[in-house]
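Chemist: So that we are looking at the same thing, I have put the structure below in structure tokens.
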Amino acid sequence: MHRLLHSSLALFTLAAATARPAGALAPPAAAAAQARIVPRAGESRGGRDAVEALRQNARSQASARRFADAIAGYERLLALAPGDADALAHLAQLQAWTGDYDQAIVHYREAIAARPLDPGLESDLADVLTWTNRLEEAERLYERVLARDPHHHEALKGLARASLLRGDPASAARVLDRALELYPKDVDLHLDRARMLSQKGNLDEAIQTLERAVKLAPSEPDVLRHLAEAYQQKKDWRNAQETWLRVAQLVPDAPESHVALGRIYLALGKLSLAREHDALALRMSPTDAAAHQLDADLDREARLAPVRTATDWFELLAYAVLLGLLVLVMQRSRRSLRRQPAAWTFAMYVVPGFLVLGILAHSVRTTPWPWFDPRLFGAVSDVVLFLGFGVAFVAALRVQPKAREFEGEVVLAIGAHPDDIELGCAGLILKLKASGARVYGLTLTRGEKGADRPEQRELEAKKSAEFLGLDGQWILDFADTGLQEKIPLLKGVIESKIKELGATVVLTHTDVDVHGDHRAVFAATREAARSVRTVLCYEDVSTTDQFTPNFYVDITHYIDDHLKACALHRTQDRRSYMDPQVIQGRAAHRGMQIGVHFAMAFRTLNMVR
């Protein structure tokens, strides 16, 4: 969920605990040392030696990144020395890193019971609660730590992140301002502030914050990547290009920066440069979904280029015709125009001036002058057309054929509960429908544990399906929260539905999910859809930060309907994750990653396009 989780894995090699590294979950060194030195009542010297031997072995295994062996070592240590706070804390840390969040929480609580005055343990527990989307509980823990130690670095950072995830940028801003006063050189705090500003729509301020972070860490690829994405979202192509080139120099074997550069050159109309970077990305990673998507977009742009050129010439001809018509109209109506000074000035000077400027704009559109801004000239051109022919004629000239890129596709969206499909992929479904695909929904439970009356949830799901325009929907009667025991049955149901529909695309849950039902649906779909050429795993409210998307969909034009589809599940209004600001914030974050306003992120299980 946050950048320091990765750096903390490397810092675990220092688990001899001479000091607690920033962002790691290790207990404070002094308390850990005390736990090793103070003998327990009735414990023999031989027993203490065995415990210390196990402790040293577990640390060595963790330093070598053999986390499973390290976890087993700490469990053996605790069997000999129950309640050993140092072992409990390190065991919880390892379990959190390996995704066993439930056990990590249990062991952190036991460690806190053994050392109730250790604020670091409570802050680390709050981190894990944040990763599992138990945000309100995490915030209470962070605030309890800060009540005892108002300057606690990690608690301040964690509280700010939890507030951001909960969709409360105002609270996050207050915490971040306080934290930055204390720790102005903390790069992660600047990144969190930039995310908060982006959620609030203050993209310029977000960029300024990211630029300060780059000054603090000029060689940190992750910081530069965030700045490049912000420039790209703002459509500041020059700065975005320069920043992505710096990322490519720092991480030369990563295709992501070359895909981004290809997108920039595509936006600028430099198709040859865009193809060069796309080819380089595909050589680095032949299966990279973003590179293949860029390749498809470049092919489509190449097909449309002649149409664009013809449109530009026709538009230029229209300006010339309009100028002649204007002269003719003014000659015939000059007397009536003279009686209206404002109309005469507008007709004689303003409209001709705009027309001439429009003709010049078209003539020099491809001139490579450094001061020339083609976007500004394009805007002037549009104004001229509006003044000359009206809104309808402008639309007729500028409209382009709709790319029916998903026409003929049959899509099956699968969810464990009635609101999962909407939260995970409603924006994509809307885009698929608009692009000519047939889309069906399969919900495996009625979500009876999420409402007083299960029939309400079923009714809400049907209303949402109608709103999304689904071609068919099925809501099954598997037991809510009991799907892990029914994976073989789920597999059979899903496989049967795929064959019945002839599905070519399947949307489903991911395996890195806190909810057991979601993981069960993923496991069943993975087997049932093994022959489907495209299977995408979506993220939802219980997806962990281990979810690593490699396929993004721009839903900027569908964000309002995406929010409305989620809002139709009124029985879930009390859930914090159903807050429209939370949903929109997640889409804004994913959009910033690919340079658009709003996007949805997926992990490809199968991908053939």
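So you can find residues: chains in the structure tokens are A, B, ... in the order shown, residues in each start at 1, and ligands are numbered from 1 in order.
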Pull the helix (DSSP H, G or I) assignments for region 188-228 of chain A out of DSSP run on the backbone, and list those residues as a ChimeraX atom specification.

Modeler: /A:188-199,203-216,221-228

Chemist: Tell me, as a list in words, which residues lie within 6 Å of region 163-179 of chain A, counting only C-alpha atoms; anything in the same chain fewer than 6 positions away does not count.

Modeler: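 Those residues are Met196, Gln581 and Val582 of chain A.
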
Chemist: Using only C-alpha atoms, which residue out of A:Val128, A:Tyr577, A:Ser542, A:Pro286 lies closest to Val106 (chain A)?

Modeler: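 Nearest to Val106 (chain A): A:Val128.
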
Chemist: Just to confirm, what's the straight-line distance from CA of Arg300 (chain A) to CA of Ala529 (chain A) in Å (one decimal)?

Modeler: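 Result for CA of Arg300 (chain A) versus CA of Ala529 (chain A): 29.0 Å, one decimal.
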
Chemist: I'd like the contact shell of region 503-511 of chain A - 9 Å cut-off, only C-alpha atoms, skipping same-chain residues fewer than 3 positions apart - returned as a ChimeraX atom specification.

Modeler: /A:409-416,420-421,424-425,497-500,514,518-523,525,529,532-540,543,547,602-603,607

Chemist: Residues of the last selection are to be written out with C-alpha atoms, as a PDB file, in the first residue's frame.

Modeler:
ATOM      1  CA  GLU A 409     -16.948  -9.782 -27.687  1.00  0.00           C
ATOM      2  CA  VAL A 410     -18.995 -11.721 -25.120  1.00  0.00           C
ATOM      3  CA  VAL A 411     -18.112 -10.680 -21.572  1.00  0.00           C
ATOM      4  CA  LEU A 412     -18.981 -12.480 -18.331  1.00  0.00           C
ATOM      5  CA  ALA A 413     -18.492 -10.419 -15.152  1.00  0.00           C
ATOM      6  CA  ILE A 414     -18.362 -12.555 -12.002  1.00  0.00           C
ATOM      7  CA  GLY A 415     -18.816 -11.368  -8.413  1.00  0.00           C
ATOM      8  CA  ALA A 416     -19.177 -13.059  -5.058  1.00  0.00           C
ATOM      9  CA  ASP A 420     -18.813  -6.623  -6.193  1.00  0.00           C
ATOM     10  CA  ILE A 421     -19.180  -6.304  -9.967  1.00  0.00           C
ATOM     11  CA  GLY A 424     -14.735  -3.699  -9.337  1.00  0.00           C
ATOM     12  CA  CYS A 425     -15.580  -3.089 -12.976  1.00  0.00           C
ATOM     13  CA  LYS A 497     -22.012 -20.406 -17.915  1.00  0.00           C
ATOM     14  CA  ILE A 498     -18.874 -19.651 -19.951  1.00  0.00           C
ATOM     15  CA  LYS A 499     -19.728 -22.463 -22.377  1.00  0.00           C
ATOM     16  CA  GLU A 500     -23.383 -21.443 -22.549  1.00  0.00           C
ATOM     17  CA  VAL A 514      -8.804 -10.179   2.295  1.00  0.00           C
ATOM     18  CA  HIS A 518     -13.440 -13.310  -3.232  1.00  0.00           C
ATOM     19  CA  ARG A 519     -10.423 -15.594  -3.147  1.00  0.00           C
ATOM     20  CA  ALA A 520     -12.692 -18.605  -3.636  1.00  0.00           C
ATOM     21  CA  VAL A 521     -14.303 -17.033  -6.718  1.00  0.00           C
ATOM     22  CA  PHE A 522     -10.843 -16.298  -8.124  1.00  0.00           C
ATOM     23  CA  ALA A 523      -9.720 -19.895  -7.572  1.00  0.00           C
ATOM     24  CA  THR A 525     -12.653 -18.880 -12.162  1.00  0.00           C
ATOM     25  CA  ALA A 529     -11.899 -19.976 -17.520  1.00  0.00           C
ATOM     26  CA  VAL A 532     -11.009 -18.170 -22.244  1.00  0.00           C
ATOM     27  CA  ARG A 533      -8.593 -15.964 -24.110  1.00  0.00           C
ATOM     28  CA  THR A 534      -8.959 -12.865 -21.880  1.00  0.00           C
ATOM     29  CA  VAL A 535      -9.431 -13.042 -18.094  1.00  0.00           C
ATOM     30  CA  LEU A 536      -9.031  -9.854 -16.046  1.00  0.00           C
ATOM     31  CA  CYS A 537      -8.920  -9.687 -12.237  1.00  0.00           C
ATOM     32  CA  TYR A 538     -10.406  -6.508 -10.811  1.00  0.00           C
ATOM     33  CA  GLU A 539      -9.672  -4.767  -7.522  1.00  0.00           C
ATOM     34  CA  ASP A 540     -12.307  -3.882  -4.958  1.00  0.00           C
ATOM     35  CA  THR A 543      -8.101  -6.107  -2.312  1.00  0.00           C
ATOM     36  CA  PHE A 547      -2.439  -6.243  -6.080  1.00  0.00           C
ATOM     37  CA  PHE A 602      -6.838  -4.923 -13.567  1.00  0.00           C
ATOM     38  CA  ARG A 603      -4.441  -7.835 -13.356  1.00  0.00           C
ATOM     39  CA  MET A 607      -4.750 -11.821 -22.256  1.00  0.00           C
TER      40      MET A 607
END

Chemist: Write down as a ChimeraX atom specification the residues belonging to region 371-576 of chain A that are assigned strand (DSSP E) by DSSP computed on the backbone.

Modeler: /A:410-415,438-445,472-478,505-508,534-538,551-554

Chemist: For a quick check of understanding, using only C-alpha atoms, which of A:Arg526, A:Arg586, A:His557, A:Arg195 has the smallest distance to Asn606 (chain A)?

Modeler: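 Closest to Asn606 (chain A) of all the choices is A:Arg526.
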
Chemist: Kindly indicate which residue among A:Val541, A:Leu94, A:Val493, A:Ile559 lies nearest to Ser576 (chain A), using only C-alpha atoms for the distances.

Modeler: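 Going through A:Val541, A:Leu94, A:Val493, A:Ile559 one by one, the smallest distance to Ser576 (chain A) is for A:Val541.
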
Chemist: Please provide as an mmCIF file with all heavy atoms, in the first residue's frame all residues within 12 Å of Glu205 (chain A), with the sequence filter that same-chain residues fewer than 5 positions apart are discarded (counting only C-alpha atoms).

Modeler:
data_model
loop_
_atom_site.group_PDB
_atom_site.id
_atom_site.type_symbol
_atom_site.label_atom_id
_atom_site.label_comp_id
_atom_site.auth_asym_id
_atom_site.auth_seq_id
_atom_site.Cartn_x
_atom_site.Cartn_y
_atom_site.Cartn_z
ATOM 1 N N HIS A 190 5.737 13.686 1.310
ATOM 2 C CA HIS A 190 5.468 14.521 0.132
ATOM 3 C C HIS A 190 4.646 13.747 -0.903
ATOM 4 O O HIS A 190 3.736 14.317 -1.530
ATOM 5 C CB HIS A 190 6.787 14.986 -0.477
ATOM 6 C CG HIS A 190 7.493 16.030 0.341
ATOM 7 N ND1 HIS A 190 7.099 17.352 0.376
ATOM 8 C CD2 HIS A 190 8.557 15.942 1.174
ATOM 9 C CE1 HIS A 190 7.899 18.037 1.173
ATOM 10 N NE2 HIS A 190 8.797 17.212 1.679
ATOM 11 N N LEU A 191 4.928 12.448 -1.076
ATOM 12 C CA LEU A 191 4.140 11.642 -2.013
ATOM 13 C C LEU A 191 2.695 11.532 -1.556
ATOM 14 O O LEU A 191 1.757 11.640 -2.364
ATOM 15 C CB LEU A 191 4.761 10.254 -2.152
ATOM 16 C CG LEU A 191 6.115 10.164 -2.846
ATOM 17 C CD1 LEU A 191 6.580 8.719 -2.901
ATOM 18 C CD2 LEU A 191 6.054 10.733 -4.246
ATOM 19 N N ARG A 193 1.102 13.640 0.313
ATOM 20 C CA ARG A 193 0.470 14.950 0.129
ATOM 21 C C ARG A 193 0.069 15.154 -1.338
ATOM 22 O O ARG A 193 -1.007 15.688 -1.626
ATOM 23 C CB ARG A 193 1.425 16.047 0.575
ATOM 24 C CG ARG A 193 0.854 17.458 0.401
ATOM 25 C CD ARG A 193 1.773 18.507 0.983
ATOM 26 N NE ARG A 193 1.269 19.842 0.708
ATOM 27 C CZ ARG A 193 0.298 20.440 1.384
ATOM 28 N NH1 ARG A 193 -0.264 19.811 2.396
ATOM 29 N NH2 ARG A 193 -0.119 21.641 1.065
ATOM 30 N N ALA A 194 0.905 14.708 -2.245
ATOM 31 C CA ALA A 194 0.578 14.830 -3.667
ATOM 32 C C ALA A 194 -0.662 14.006 -4.004
ATOM 33 O O ALA A 194 -1.522 14.454 -4.772
ATOM 34 C CB ALA A 194 1.766 14.382 -4.523
ATOM 35 N N ARG A 195 -0.775 12.791 -3.444
ATOM 36 C CA ARG A 195 -1.969 11.977 -3.678
ATOM 37 C C ARG A 195 -3.213 12.680 -3.156
ATOM 38 O O ARG A 195 -4.273 12.676 -3.787
ATOM 39 C CB ARG A 195 -1.811 10.616 -3.001
ATOM 40 C CG ARG A 195 -0.741 9.732 -3.616
ATOM 41 C CD ARG A 195 -0.784 8.335 -3.026
ATOM 42 N NE ARG A 195 0.351 7.535 -3.444
ATOM 43 C CZ ARG A 195 1.448 7.354 -2.719
ATOM 44 N NH1 ARG A 195 1.544 7.893 -1.513
ATOM 45 N NH2 ARG A 195 2.442 6.625 -3.164
ATOM 46 N N MET A 196 -3.089 13.272 -1.959
ATOM 47 C CA MET A 196 -4.227 13.981 -1.371
ATOM 48 C C MET A 196 -4.652 15.153 -2.259
ATOM 49 O O MET A 196 -5.839 15.357 -2.523
ATOM 50 C CB MET A 196 -3.840 14.455 0.029
ATOM 51 C CG MET A 196 -4.904 15.258 0.759
ATOM 52 S SD MET A 196 -4.799 17.045 0.450
ATOM 53 C CE MET A 196 -3.185 17.407 1.132
ATOM 54 N N LEU A 197 -3.688 15.929 -2.726
ATOM 55 C CA LEU A 197 -4.005 17.067 -3.582
ATOM 56 C C LEU A 197 -4.625 16.607 -4.892
ATOM 57 O O LEU A 197 -5.543 17.249 -5.420
ATOM 58 C CB LEU A 197 -2.738 17.877 -3.846
ATOM 59 C CG LEU A 197 -2.173 18.637 -2.634
ATOM 60 C CD1 LEU A 197 -0.769 19.149 -2.936
ATOM 61 C CD2 LEU A 197 -3.092 19.802 -2.252
ATOM 62 N N SER A 198 -4.148 15.488 -5.422
ATOM 63 C CA SER A 198 -4.719 14.952 -6.655
ATOM 64 C C SER A 198 -6.167 14.540 -6.443
ATOM 65 O O SER A 198 -7.027 14.772 -7.305
ATOM 66 C CB SER A 198 -3.889 13.767 -7.136
ATOM 67 O OG SER A 198 -4.427 13.226 -8.306
ATOM 68 N N GLN A 199 -6.452 13.893 -5.293
ATOM 69 C CA GLN A 199 -7.831 13.512 -4.996
ATOM 70 C C GLN A 199 -8.743 14.734 -4.935
ATOM 71 O O GLN A 199 -9.897 14.683 -5.341
ATOM 72 C CB GLN A 199 -7.901 12.759 -3.664
ATOM 73 C CG GLN A 199 -7.439 11.319 -3.740
ATOM 74 C CD GLN A 199 -7.714 10.564 -2.450
ATOM 75 O OE1 GLN A 199 -8.536 10.984 -1.635
ATOM 76 N NE2 GLN A 199 -7.027 9.456 -2.264
ATOM 77 N N LYS A 200 -8.217 15.837 -4.434
ATOM 78 C CA LYS A 200 -9.014 17.062 -4.321
ATOM 79 C C LYS A 200 -9.078 17.829 -5.639
ATOM 80 O O LYS A 200 -9.769 18.837 -5.740
ATOM 81 C CB LYS A 200 -8.428 17.958 -3.236
ATOM 82 C CG LYS A 200 -8.532 17.367 -1.825
ATOM 83 C CD LYS A 200 -7.750 18.169 -0.808
ATOM 84 C CE LYS A 200 -8.323 19.545 -0.601
ATOM 85 N NZ LYS A 200 -7.616 20.279 0.471
ATOM 86 N N LEU A 210 5.332 17.098 -5.661
ATOM 87 C CA LEU A 210 6.172 16.034 -6.210
ATOM 88 C C LEU A 210 7.535 16.565 -6.646
ATOM 89 O O LEU A 210 8.552 15.872 -6.525
ATOM 90 C CB LEU A 210 5.461 15.369 -7.387
ATOM 91 C CG LEU A 210 4.261 14.497 -7.010
ATOM 92 C CD1 LEU A 210 3.444 14.148 -8.247
ATOM 93 C CD2 LEU A 210 4.724 13.223 -6.320
ATOM 94 N N GLU A 211 7.568 17.784 -7.147
ATOM 95 C CA GLU A 211 8.856 18.378 -7.530
ATOM 96 C C GLU A 211 9.747 18.576 -6.305
ATOM 97 O O GLU A 211 10.966 18.392 -6.374
ATOM 98 C CB GLU A 211 8.618 19.708 -8.252
ATOM 99 C CG GLU A 211 8.051 19.521 -9.665
ATOM 100 C CD GLU A 211 7.613 20.828 -10.304
ATOM 101 O OE1 GLU A 211 7.444 21.824 -9.554
ATOM 102 O OE2 GLU A 211 7.421 20.863 -11.537
ATOM 103 N N ARG A 212 9.137 18.933 -5.163
ATOM 104 C CA ARG A 212 9.923 19.036 -3.917
ATOM 105 C C ARG A 212 10.443 17.659 -3.507
ATOM 106 O O ARG A 212 11.582 17.520 -3.037
ATOM 107 C CB ARG A 212 9.076 19.652 -2.810
ATOM 108 C CG ARG A 212 8.836 21.143 -2.975
ATOM 109 C CD ARG A 212 8.304 21.763 -1.708
ATOM 110 N NE ARG A 212 6.938 21.362 -1.437
ATOM 111 C CZ ARG A 212 5.861 21.991 -1.891
ATOM 112 N NH1 ARG A 212 6.005 23.052 -2.655
ATOM 113 N NH2 ARG A 212 4.647 21.567 -1.591
ATOM 114 N N LEU A 227 5.856 11.802 -10.383
ATOM 115 C CA LEU A 227 5.884 13.131 -11.002
ATOM 116 C C LEU A 227 5.565 13.034 -12.490
ATOM 117 O O LEU A 227 4.792 13.845 -13.029
ATOM 118 C CB LEU A 227 7.251 13.773 -10.782
ATOM 119 C CG LEU A 227 7.443 15.162 -11.409
ATOM 120 C CD1 LEU A 227 6.424 16.151 -10.863
ATOM 121 C CD2 LEU A 227 8.863 15.674 -11.156
ATOM 122 N N ALA A 230 1.917 12.592 -13.006
ATOM 123 C CA ALA A 230 1.167 13.829 -12.775
ATOM 124 C C ALA A 230 1.286 14.770 -13.965
ATOM 125 O O ALA A 230 0.293 15.376 -14.401
ATOM 126 C CB ALA A 230 1.669 14.504 -11.499
ATOM 127 N N TYR A 231 2.497 14.906 -14.503
ATOM 128 C CA TYR A 231 2.666 15.730 -15.711
ATOM 129 C C TYR A 231 1.808 15.177 -16.845
ATOM 130 O O TYR A 231 1.187 15.945 -17.602
ATOM 131 C CB TYR A 231 4.130 15.726 -16.143
ATOM 132 C CG TYR A 231 5.043 16.619 -15.337
ATOM 133 C CD1 TYR A 231 6.327 16.196 -14.978
ATOM 134 C CD2 TYR A 231 4.658 17.899 -14.969
ATOM 135 C CE1 TYR A 231 7.193 17.010 -14.264
ATOM 136 C CE2 TYR A 231 5.507 18.728 -14.254
ATOM 137 C CZ TYR A 231 6.775 18.279 -13.899
ATOM 138 O OH TYR A 231 7.613 19.084 -13.195
ATOM 139 N N LYS A 234 -1.770 16.026 -16.466
ATOM 140 C CA LYS A 234 -1.998 17.439 -16.778
ATOM 141 C C LYS A 234 -1.818 17.737 -18.268
ATOM 142 O O LYS A 234 -2.107 18.847 -18.711
ATOM 143 C CB LYS A 234 -1.032 18.294 -15.946
ATOM 144 C CG LYS A 234 -1.345 19.777 -15.964
ATOM 145 C CD LYS A 234 -0.293 20.568 -15.227
ATOM 146 C CE LYS A 234 -0.571 22.058 -15.369
ATOM 147 N NZ LYS A 234 0.487 22.877 -14.737
#

Chemist: Which residues are close to Gln572 (chain A), i.e. within 9 Å by only C-alpha atoms, leaving aside same-chain residues fewer than 2 positions away? Reply as a ChimeraX atom specification.

Modeler: /A:419,450-451,457,567,569-570,574-576,578

Chemist: Hey, can you check how far CA of Asp236 (chain A) sits from CA of Tyr265 (chain A)?

Modeler: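 Rounded to one decimal, the two atoms are 12.0 Å apart.
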
Chemist: Do you know which residues are at most 9 Å from Asp561 (chain A) counting only C-alpha atoms, after dropping those on the same chain fewer than 5 positions away, and could you put them as an MDAnalysis selection string?

Modeler: chainID A and resid 426:427 430 467:468 566

Chemist: Pick from A:Thr544, A:Pro221, A:Gln293, A:Gly502: nearest to Ser531 (chain A), with only C-alpha atoms counted?

Modeler: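 Selected residue with least distance to Ser531 (chain A): A:Gly502.
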
Chemist: Pick out the residues sitting within 10 Å of Glu527 (chain A), and hand them over as a PyMOL selection string; count only C-alpha atoms, and ignore anything fewer than 6 positions along from it in its own chain.

Modeler: chain A and resi 487-488+491-492+494-495

Chemist: Using only N, CA, C and O atoms, please write the residues we just selected to a file, as a PDB file, in the first residue's frame.

Modeler:
ATOM      1  N   ILE A 487     -15.646 -24.444  -3.731  1.00  0.00           N
ATOM      2  CA  ILE A 487     -14.893 -24.099  -4.935  1.00  0.00           C
ATOM      3  C   ILE A 487     -15.164 -25.065  -6.091  1.00  0.00           C
ATOM      4  O   ILE A 487     -15.371 -24.629  -7.229  1.00  0.00           O
ATOM      5  N   PRO A 488     -15.195 -26.392  -5.853  1.00  0.00           N
ATOM      6  CA  PRO A 488     -15.502 -27.287  -6.992  1.00  0.00           C
ATOM      7  C   PRO A 488     -16.870 -27.012  -7.615  1.00  0.00           C
ATOM      8  O   PRO A 488     -17.024 -27.052  -8.839  1.00  0.00           O
ATOM      9  N   LYS A 491     -16.690 -23.775  -9.591  1.00  0.00           N
ATOM     10  CA  LYS A 491     -15.999 -24.014 -10.859  1.00  0.00           C
ATOM     11  C   LYS A 491     -16.956 -24.583 -11.902  1.00  0.00           C
ATOM     12  O   LYS A 491     -16.988 -24.139 -13.060  1.00  0.00           O
ATOM     13  N   GLY A 492     -17.752 -25.544 -11.487  1.00  0.00           N
ATOM     14  CA  GLY A 492     -18.688 -26.149 -12.430  1.00  0.00           C
ATOM     15  C   GLY A 492     -19.714 -25.155 -12.944  1.00  0.00           C
ATOM     16  O   GLY A 492     -20.023 -25.117 -14.142  1.00  0.00           O
ATOM     17  N   ILE A 494     -19.466 -21.832 -13.052  1.00  0.00           N
ATOM     18  CA  ILE A 494     -18.837 -20.809 -13.893  1.00  0.00           C
ATOM     19  C   ILE A 494     -18.470 -21.385 -15.255  1.00  0.00           C
ATOM     20  O   ILE A 494     -18.694 -20.762 -16.302  1.00  0.00           O
ATOM     21  N   GLU A 495     -17.928 -22.589 -15.267  1.00  0.00           N
ATOM     22  CA  GLU A 495     -17.538 -23.219 -16.535  1.00  0.00           C
ATOM     23  C   GLU A 495     -18.754 -23.441 -17.429  1.00  0.00           C
ATOM     24  O   GLU A 495     -18.715 -23.217 -18.644  1.00  0.00           O
TER      25      GLU A 495
END

Chemist: Looking at only C-alpha atoms, which of A:Leu88, A:Met284, A:His277, A:Gly269 is the one that sits closest to Ala305 (chain A)?

Modeler: A:Gly269
